[in-house]
Amino acid sequence: MPRTITAGLDGSPESLCAAEWAAREALLRDAPLRLVHALGRQLYTYAPPGGIPQPSPIPDEWSRWADRMLREAEATIARRHPGLRITTDRVTEEPVSALLGAAGEADLLVLGSQGLGGAAGFLVGSVAQAVVAGSRRPVVLVRGGLRPEDEHQPGAFGSGVTPFRDVVLGLNSAAPNDSVIGFTFETASQRAAGLRVVHGRSPELPYYDNGGDLNAELHDELTGEMHRALSEALEPWREKFPGVDVTEQAVIGKAGSHLVEASRDASLVVIGRRLRRTPIGTGIGPVAHAVLHHATAPVAVVPHD
């Protein structure tokens with residue numbers, strides 16, 4: 001049985017855009033779609049003088065609004081994607097805990113992020129960032145305003161042959177993780193898309209000459225080492241997914257900056273995140289932070305040990 005693709009809905013245009021992306025992803029994976037809304041503290045906002053908090057009339061109105069919002073979103077998605085299996089769920093937990101619980105039952109959790117326009121990328125809210133930092137399952141952030149055709153090669157959408165733009169993987173070749181690589185190859189295979197693997201490294205001082213520029217000979221040596229490491233890490237996955245066209249890109253500089261640049265003509269960017277052993281927080285690492293806040297394509301964050 002396929003696991004569910006889950007989208008968190010709060011009624012905002014960004015979350016509705018994310019739900020649409022999740023619907024398309026569910027069809028690609030032949031999986032059902034679950035739409036989740038968390039009511040949170042709205043349920044206990046009223047306390048009589050000297051008394052304890054009690055459910056107030058406002059939460060009743062909020063609950064009715066949430067139910068209506070979920071029904072309307074379900075109807076819209078069902079109309080656009082006939083045959084897709086859709087369920088809705090309104091829960092009373094706080095958003096972060098509710099979404100983390102939903103993520104644990106899903107193949108993917110999909111959340112919306114506010115687009116900043118042009119190439120500026122995302123504005124990642126505190127809830128989304130906390131969920132990304134705490135989830136043990138992959139989480140995808142989708143910027144507001146994303147259109148289906150944005151994921152496809154220019155001029156191809158609607159022609160009957162609609163190739164996806166590349167899937168981009170940010171890979172640490174020094175410590176490649178099979179969960180992250182496997183997720184990315186499978187995603188590219190489902191889309192019949194190319195896979196671009198980007199590994200960036202900031203060289204240490206010995207690689208620079210006296211003028212402060214990167215020594216050309218050492219530059220070639222460093223990139224050669226990076227390419228060999230990438231090829232070795234990817235070889236088993238090329239054999240497992242022979243239909244995926246893989247391009248390796250070893251670059252000098254901060255990995256986050258190169259991934260942001262690569263996102264401009266990608267259908268999806270995939271990055272890994274090491275699971276935290278400390279209580280849930282908002283730390284996601286410098287590469288993930290840069291990509292989540294500035295990439296223009298949807299970003300999948302895959303946790304791993």
# chains A, B, ... in the order shown; residues from 1 in each chain; ligands from 1
call {"tool": "residues_around", "arguments": {"residues": "Pro148 of chain A", "least_positions_apart": "6", "cutoff": "12 Å", "atoms": "only C-alpha atoms", "output": "mmCIF file with all heavy atoms, in the first residue's frame"}}
result
data_model
loop_
_atom_site.group_PDB
_atom_site.id
_atom_site.type_symbol
_atom_site.label_atom_id
_atom_site.label_comp_id
_atom_site.auth_asym_id
_atom_site.auth_seq_id
_atom_site.Cartn_x
_atom_site.Cartn_y
_atom_site.Cartn_z
ATOM 1 N N CYS A 17 -1.358 26.608 -2.681
ATOM 2 C CA CYS A 17 -0.420 26.300 -3.753
ATOM 3 C C CYS A 17 0.357 25.030 -3.414
ATOM 4 O O CYS A 17 0.583 24.171 -4.277
ATOM 5 C CB CYS A 17 0.524 27.478 -3.946
ATOM 6 S SG CYS A 17 1.665 27.301 -5.335
ATOM 7 N N ALA A 18 0.758 24.887 -2.149
ATOM 8 C CA ALA A 18 1.468 23.685 -1.714
ATOM 9 C C ALA A 18 0.578 22.455 -1.838
ATOM 10 O O ALA A 18 1.043 21.374 -2.214
ATOM 11 C CB ALA A 18 1.945 23.852 -0.272
ATOM 12 N N GLU A 20 -1.768 21.994 -4.010
ATOM 13 C CA GLU A 20 -1.831 21.660 -5.436
ATOM 14 C C GLU A 20 -0.579 20.893 -5.856
ATOM 15 O O GLU A 20 -0.653 19.920 -6.613
ATOM 16 C CB GLU A 20 -1.978 22.937 -6.270
ATOM 17 C CG GLU A 20 -3.388 23.482 -6.334
ATOM 18 C CD GLU A 20 -4.289 22.630 -7.211
ATOM 19 O OE1 GLU A 20 -3.765 21.820 -8.008
ATOM 20 O OE2 GLU A 20 -5.513 22.760 -7.091
ATOM 21 N N TRP A 21 0.578 21.341 -5.379
ATOM 22 C CA TRP A 21 1.821 20.621 -5.688
ATOM 23 C C TRP A 21 1.749 19.214 -5.116
ATOM 24 O O TRP A 21 2.156 18.240 -5.774
ATOM 25 C CB TRP A 21 3.021 21.366 -5.109
ATOM 26 C CG TRP A 21 4.345 20.809 -5.518
ATOM 27 C CD1 TRP A 21 5.120 21.208 -6.564
ATOM 28 C CD2 TRP A 21 5.058 19.723 -4.896
ATOM 29 N NE1 TRP A 21 6.265 20.450 -6.646
ATOM 30 C CE2 TRP A 21 6.257 19.529 -5.629
ATOM 31 C CE3 TRP A 21 4.806 18.904 -3.807
ATOM 32 C CZ2 TRP A 21 7.190 18.545 -5.301
ATOM 33 C CZ3 TRP A 21 5.731 17.918 -3.467
ATOM 34 C CH2 TRP A 21 6.907 17.751 -4.207
ATOM 35 N N ALA A 22 1.257 19.096 -3.889
ATOM 36 C CA ALA A 22 1.143 17.785 -3.251
ATOM 37 C C ALA A 22 0.209 16.867 -4.040
ATOM 38 O O ALA A 22 0.448 15.656 -4.138
ATOM 39 C CB ALA A 22 0.637 17.943 -1.819
ATOM 40 N N ALA A 23 -0.855 17.441 -4.619
ATOM 41 C CA ALA A 23 -1.773 16.641 -5.429
ATOM 42 C C ALA A 23 -1.064 16.096 -6.668
ATOM 43 O O ALA A 23 -1.213 14.917 -7.019
ATOM 44 C CB ALA A 23 -2.981 17.488 -5.836
ATOM 45 N N ARG A 24 -0.281 16.926 -7.316
ATOM 46 C CA ARG A 24 0.456 16.464 -8.495
ATOM 47 C C ARG A 24 1.474 15.394 -8.106
ATOM 48 O O ARG A 24 1.666 14.417 -8.833
ATOM 49 C CB ARG A 24 1.147 17.647 -9.183
ATOM 50 C CG ARG A 24 0.184 18.708 -9.692
ATOM 51 C CD ARG A 24 0.855 19.692 -10.631
ATOM 52 N NE ARG A 24 1.884 20.500 -10.007
ATOM 53 C CZ ARG A 24 1.672 21.648 -9.371
ATOM 54 N NH1 ARG A 24 0.432 22.118 -9.253
ATOM 55 N NH2 ARG A 24 2.680 22.344 -8.859
ATOM 56 N N GLU A 25 2.105 15.582 -6.946
ATOM 57 C CA GLU A 25 3.076 14.597 -6.479
ATOM 58 C C GLU A 25 2.392 13.279 -6.139
ATOM 59 O O GLU A 25 2.930 12.195 -6.403
ATOM 60 C CB GLU A 25 3.820 15.141 -5.261
ATOM 61 C CG GLU A 25 4.977 14.281 -4.792
ATOM 62 C CD GLU A 25 6.144 14.268 -5.768
ATOM 63 O OE1 GLU A 25 6.207 15.153 -6.650
ATOM 64 O OE2 GLU A 25 7.000 13.372 -5.649
ATOM 65 N N ARG A 80 -9.708 19.397 -10.351
ATOM 66 C CA ARG A 80 -8.536 19.524 -11.220
ATOM 67 C C ARG A 80 -7.825 18.199 -11.441
ATOM 68 O O ARG A 80 -7.119 18.038 -12.440
ATOM 69 C CB ARG A 80 -7.557 20.534 -10.608
ATOM 70 C CG ARG A 80 -8.081 21.954 -10.596
ATOM 71 C CD ARG A 80 -7.131 22.894 -9.884
ATOM 72 N NE ARG A 80 -7.618 24.260 -9.903
ATOM 73 C CZ ARG A 80 -7.089 25.265 -9.206
ATOM 74 N NH1 ARG A 80 -6.018 25.022 -8.440
ATOM 75 N NH2 ARG A 80 -7.596 26.477 -9.274
ATOM 76 N N VAL A 142 7.054 24.643 -0.692
ATOM 77 C CA VAL A 142 6.648 25.131 -2.015
ATOM 78 C C VAL A 142 6.349 26.618 -1.898
ATOM 79 O O VAL A 142 5.526 27.031 -1.075
ATOM 80 C CB VAL A 142 5.397 24.379 -2.510
ATOM 81 C CG1 VAL A 142 4.956 24.918 -3.876
ATOM 82 C CG2 VAL A 142 5.673 22.880 -2.590
ATOM 83 N N PRO A 154 10.731 24.979 -20.700
ATOM 84 C CA PRO A 154 10.013 26.055 -21.396
ATOM 85 C C PRO A 154 9.396 25.575 -22.698
ATOM 86 O O PRO A 154 10.015 24.839 -23.474
ATOM 87 C CB PRO A 154 11.105 27.100 -21.664
ATOM 88 C CG PRO A 154 12.151 26.829 -20.634
ATOM 89 C CD PRO A 154 12.134 25.337 -20.409
ATOM 90 N N ALA A 156 7.159 23.440 -23.273
ATOM 91 C CA ALA A 156 6.719 22.049 -23.378
ATOM 92 C C ALA A 156 5.392 21.810 -22.697
ATOM 93 O O ALA A 156 4.675 20.895 -23.042
ATOM 94 C CB ALA A 156 7.765 21.106 -22.770
ATOM 95 N N PHE A 157 5.038 22.647 -21.721
ATOM 96 C CA PHE A 157 3.843 22.369 -20.928
ATOM 97 C C PHE A 157 2.599 22.431 -21.797
ATOM 98 O O PHE A 157 2.381 23.362 -22.552
ATOM 99 C CB PHE A 157 3.712 23.375 -19.783
ATOM 100 C CG PHE A 157 2.600 23.034 -18.832
ATOM 101 C CD1 PHE A 157 2.778 22.028 -17.897
ATOM 102 C CD2 PHE A 157 1.386 23.686 -18.899
ATOM 103 C CE1 PHE A 157 1.763 21.704 -17.022
ATOM 104 C CE2 PHE A 157 0.371 23.357 -18.032
ATOM 105 C CZ PHE A 157 0.563 22.364 -17.087
ATOM 106 N N GLY A 158 1.762 21.401 -21.686
ATOM 107 C CA GLY A 158 0.518 21.347 -22.431
ATOM 108 C C GLY A 158 0.651 20.794 -23.826
ATOM 109 O O GLY A 158 -0.330 20.699 -24.558
ATOM 110 N N THR A 162 5.616 16.617 -21.856
ATOM 111 C CA THR A 162 5.861 17.671 -20.878
ATOM 112 C C THR A 162 7.034 17.297 -19.971
ATOM 113 O O THR A 162 6.836 16.924 -18.815
ATOM 114 C CB THR A 162 4.609 17.913 -20.029
ATOM 115 O OG1 THR A 162 4.221 16.671 -19.410
ATOM 116 C CG2 THR A 162 3.464 18.420 -20.878
ATOM 117 N N PRO A 163 8.239 17.354 -20.478
ATOM 118 C CA PRO A 163 9.394 16.981 -19.645
ATOM 119 C C PRO A 163 9.569 17.930 -18.478
ATOM 120 O O PRO A 163 9.436 19.146 -18.603
ATOM 121 C CB PRO A 163 10.580 17.058 -20.615
ATOM 122 C CG PRO A 163 10.133 17.987 -21.683
ATOM 123 C CD PRO A 163 8.658 17.783 -21.826
ATOM 124 N N PHE A 164 9.873 17.363 -17.347
ATOM 125 C CA PHE A 164 10.171 18.153 -16.167
ATOM 126 C C PHE A 164 11.561 18.781 -16.293
ATOM 127 O O PHE A 164 12.444 18.254 -16.958
ATOM 128 C CB PHE A 164 10.156 17.271 -14.916
ATOM 129 C CG PHE A 164 8.785 17.013 -14.354
ATOM 130 C CD1 PHE A 164 8.022 15.946 -14.806
ATOM 131 C CD2 PHE A 164 8.269 17.834 -13.371
ATOM 132 C CE1 PHE A 164 6.774 15.706 -14.290
ATOM 133 C CE2 PHE A 164 7.013 17.604 -12.834
ATOM 134 C CZ PHE A 164 6.256 16.536 -13.293
ATOM 135 N N ARG A 165 11.734 19.898 -15.634
ATOM 136 C CA ARG A 165 13.073 20.424 -15.432
ATOM 137 C C ARG A 165 13.850 19.441 -14.548
ATOM 138 O O ARG A 165 13.261 18.563 -13.907
ATOM 139 C CB ARG A 165 13.016 21.795 -14.758
ATOM 140 C CG ARG A 165 12.358 22.892 -15.592
ATOM 141 C CD ARG A 165 12.289 24.177 -14.775
ATOM 142 N NE ARG A 165 11.575 25.232 -15.488
ATOM 143 C CZ ARG A 165 12.141 26.174 -16.219
ATOM 144 N NH1 ARG A 165 13.472 26.186 -16.351
ATOM 145 N NH2 ARG A 165 11.416 27.106 -16.818
ATOM 146 N N SER A 267 13.064 21.614 -11.230
ATOM 147 C CA SER A 267 11.698 21.323 -10.786
ATOM 148 C C SER A 267 11.654 21.048 -9.294
ATOM 149 O O SER A 267 10.616 21.224 -8.651
ATOM 150 C CB SER A 267 11.120 20.125 -11.550
ATOM 151 O OG SER A 267 11.878 18.948 -11.311
ATOM 152 N N ALA A 297 12.803 27.104 -6.710
ATOM 153 C CA ALA A 297 12.071 25.864 -6.951
ATOM 154 C C ALA A 297 11.631 25.277 -5.611
ATOM 155 O O ALA A 297 12.155 25.649 -4.554
ATOM 156 C CB ALA A 297 12.965 24.865 -7.687
ATOM 157 N N PRO A 298 10.663 24.370 -5.599
ATOM 158 C CA PRO A 298 10.343 23.644 -4.363
ATOM 159 C C PRO A 298 11.582 22.961 -3.814
ATOM 160 O O PRO A 298 12.453 22.522 -4.572
ATOM 161 C CB PRO A 298 9.286 22.638 -4.818
ATOM 162 C CG PRO A 298 8.666 23.233 -6.023
ATOM 163 C CD PRO A 298 9.782 23.969 -6.727
#
call {"tool": "atom_distance", "arguments": {"atom1": "atom CA of Ser231 of chain A", "atom2": "atom CA of Ser173 of chain A"}}
result
9.0 Å
call {"tool": "residues_around", "arguments": {"residues": "Arg228 of chain A", "least_positions_apart": "6", "cutoff": "12 Å", "atoms": "only C-alpha atoms", "output": "PyMOL selection string"}}
result
chain A and resi 173-174+199+221-222+234-235+248-250
call {"tool": "closest_residue", "arguments": {"among": "A:Pro236, A:Gly285, A:Gly170, A:Pro303", "to": "Leu259 of chain A", "atoms": "only C-alpha atoms"}}
result
A:Gly170
call {"tool": "atom_distance", "arguments": {"atom1": "atom CA of Gly101 of chain A", "atom2": "atom CA of His37 of chain A"}}
result
12.1 Å
call {"tool": "atom_distance", "arguments": {"atom1": "atom CA of Asn172 of chain A", "atom2": "atom CA of Val291 of chain A"}}
result
14.7 Å
call {"tool": "closest_residue", "arguments": {"among": "A:Gly125, A:Val270, A:Arg64, A:Glu72", "to": "Glu186 of chain A", "atoms": "only C-alpha atoms"}}
result
A:Val270
call {"tool": "residues_around", "arguments": {"residues": "Ala266 of chain A", "least_positions_apart": "6", "cutoff": "12 Å", "atoms": "only C-alpha atoms", "output": "PyMOL selection string"}}
result
chain A and resi 149-154+163-169+188+193-197+259-260+295-299
call {"tool": "write_last_selection", "arguments": {"atoms": "N, CA, C and O atoms", "output": "compact mmCIF listing (two decimals), in the first residue's frame"}}
result
# COMPACT_ATOMS: atom_id res chain seq x y z
N GLU A 149 3.36 24.76 -14.77
CA GLU A 149 4.30 24.89 -15.89
C GLU A 149 5.68 25.33 -15.45
O GLU A 149 6.65 25.17 -16.20
N ASP A 150 5.80 25.90 -14.26
CA ASP A 150 7.12 26.30 -13.76
C ASP A 150 8.04 25.11 -13.53
O ASP A 150 9.26 25.27 -13.46
N GLU A 151 7.47 23.93 -13.39
CA GLU A 151 8.27 22.73 -13.14
C GLU A 151 8.75 22.07 -14.43
O GLU A 151 9.50 21.10 -14.38
N HIS A 152 8.29 22.58 -15.57
CA HIS A 152 8.56 21.93 -16.84
C HIS A 152 9.47 22.76 -17.72
O HIS A 152 9.62 23.97 -17.53
N GLN A 153 10.06 22.09 -18.68
CA GLN A 153 10.93 22.78 -19.63
C GLN A 153 10.14 23.85 -20.38
O GLN A 153 8.96 23.67 -20.67
N PRO A 154 10.73 24.98 -20.70
CA PRO A 154 10.01 26.05 -21.40
C PRO A 154 9.40 25.58 -22.70
O PRO A 154 10.01 24.84 -23.47
N PRO A 163 8.24 17.35 -20.48
CA PRO A 163 9.39 16.98 -19.64
C PRO A 163 9.57 17.93 -18.48
O PRO A 163 9.44 19.15 -18.60
N PHE A 164 9.87 17.36 -17.35
CA PHE A 164 10.17 18.15 -16.17
C PHE A 164 11.56 18.78 -16.29
O PHE A 164 12.44 18.25 -16.96
N ARG A 165 11.73 19.90 -15.63
CA ARG A 165 13.07 20.42 -15.43
C ARG A 165 13.85 19.44 -14.55
O ARG A 165 13.26 18.56 -13.91
N ASP A 166 15.16 19.60 -14.49
CA ASP A 166 15.99 18.70 -13.69
C ASP A 166 15.59 18.70 -12.22
O ASP A 166 15.13 19.71 -11.68
N VAL A 167 15.82 17.58 -11.59
CA VAL A 167 15.86 17.51 -10.14
C VAL A 167 17.30 17.76 -9.72
O VAL A 167 18.23 17.19 -10.30
N VAL A 168 17.52 18.63 -8.74
CA VAL A 168 18.86 19.00 -8.30
C VAL A 168 19.09 18.43 -6.90
O VAL A 168 18.26 18.61 -6.00
N LEU A 169 20.21 17.75 -6.73
CA LEU A 169 20.59 17.20 -5.44
C LEU A 169 21.84 17.89 -4.93
O LEU A 169 22.87 17.93 -5.63
N ALA A 188 13.49 11.68 -9.40
CA ALA A 188 13.82 11.98 -10.80
C ALA A 188 13.25 10.92 -11.73
O ALA A 188 12.76 11.24 -12.83
N ALA A 193 12.88 12.84 -15.32
CA ALA A 193 13.65 14.08 -15.36
C ALA A 193 15.13 13.78 -15.23
O ALA A 193 15.54 12.74 -14.69
N GLY A 194 15.94 14.72 -15.70
CA GLY A 194 17.37 14.63 -15.46
C GLY A 194 17.68 14.90 -14.00
O GLY A 194 16.91 15.56 -13.30
N LEU A 195 18.82 14.39 -13.57
CA LEU A 195 19.27 14.60 -12.20
C LEU A 195 20.61 15.33 -12.23
O LEU A 195 21.57 14.85 -12.84
N ARG A 196 20.66 16.48 -11.60
CA ARG A 196 21.88 17.26 -11.52
C ARG A 196 22.38 17.20 -10.08
O ARG A 196 21.68 17.61 -9.15
N VAL A 197 23.57 16.68 -9.88
CA VAL A 197 24.13 16.52 -8.54
C VAL A 197 25.20 17.58 -8.34
O VAL A 197 26.19 17.63 -9.07
N LEU A 259 23.53 25.88 -4.98
CA LEU A 259 22.22 25.23 -5.06
C LEU A 259 21.12 26.25 -5.32
O LEU A 259 20.16 25.97 -6.05
N VAL A 260 21.24 27.42 -4.74
CA VAL A 260 20.27 28.49 -5.02
C VAL A 260 20.30 28.85 -6.50
O VAL A 260 19.26 29.01 -7.15
N ALA A 295 15.99 29.66 -2.56
CA ALA A 295 15.72 28.87 -3.77
C ALA A 295 14.39 29.29 -4.37
O ALA A 295 13.46 29.70 -3.68
N THR A 296 14.29 29.17 -5.68
CA THR A 296 13.05 29.52 -6.37
C THR A 296 12.22 28.29 -6.73
O THR A 296 11.04 28.42 -7.05
N ALA A 297 12.80 27.10 -6.71
CA ALA A 297 12.07 25.86 -6.95
C ALA A 297 11.63 25.28 -5.61
O ALA A 297 12.15 25.65 -4.55
N PRO A 298 10.66 24.37 -5.60
CA PRO A 298 10.34 23.64 -4.36
C PRO A 298 11.58 22.96 -3.81
O PRO A 298 12.45 22.52 -4.57
N VAL A 299 11.65 22.86 -2.50
CA VAL A 299 12.82 22.28 -1.83
C VAL A 299 12.37 21.11 -0.95
O VAL A 299 11.46 21.27 -0.13
call {"tool": "closest_atom_pairs", "arguments": {"of": "segment 90-181 of chain A", "to": "segment 2-9 of chain A", "cutoff": "6 Å", "atoms": "only C-alpha atoms", "output": "tab-separated table"}}
result
residue	atom	partner	partner_atom	distance
A:Ala106	CA	A:Thr4	CA	4.8
A:Asp107	CA	A:Arg3	CA	5.5
A:Leu108	CA	A:Ile5	CA	5.1
A:Leu109	CA	A:Thr6	CA	4.9
A:Val110	CA	A:Ala7	CA	4.6
A:Leu111	CA	A:Gly8	CA	5.6
call {"tool": "select_by_dssp", "arguments": {"residues": "segment 96-271 of chain A", "states": "helix (DSSP H, G or I)", "output": "VMD selection string"}}
result
chain A and resid 96 to 103 126 to 134 148 to 151 178 to 191 205 to 207 216 to 240 255 to 265
call {"tool": "closest_residue", "arguments": {"among": "A:Ser126, A:Ser97, A:Ser113, A:Thr223", "to": "Leu16 of chain A", "atoms": "only C-alpha atoms"}}
result
A:Ser113
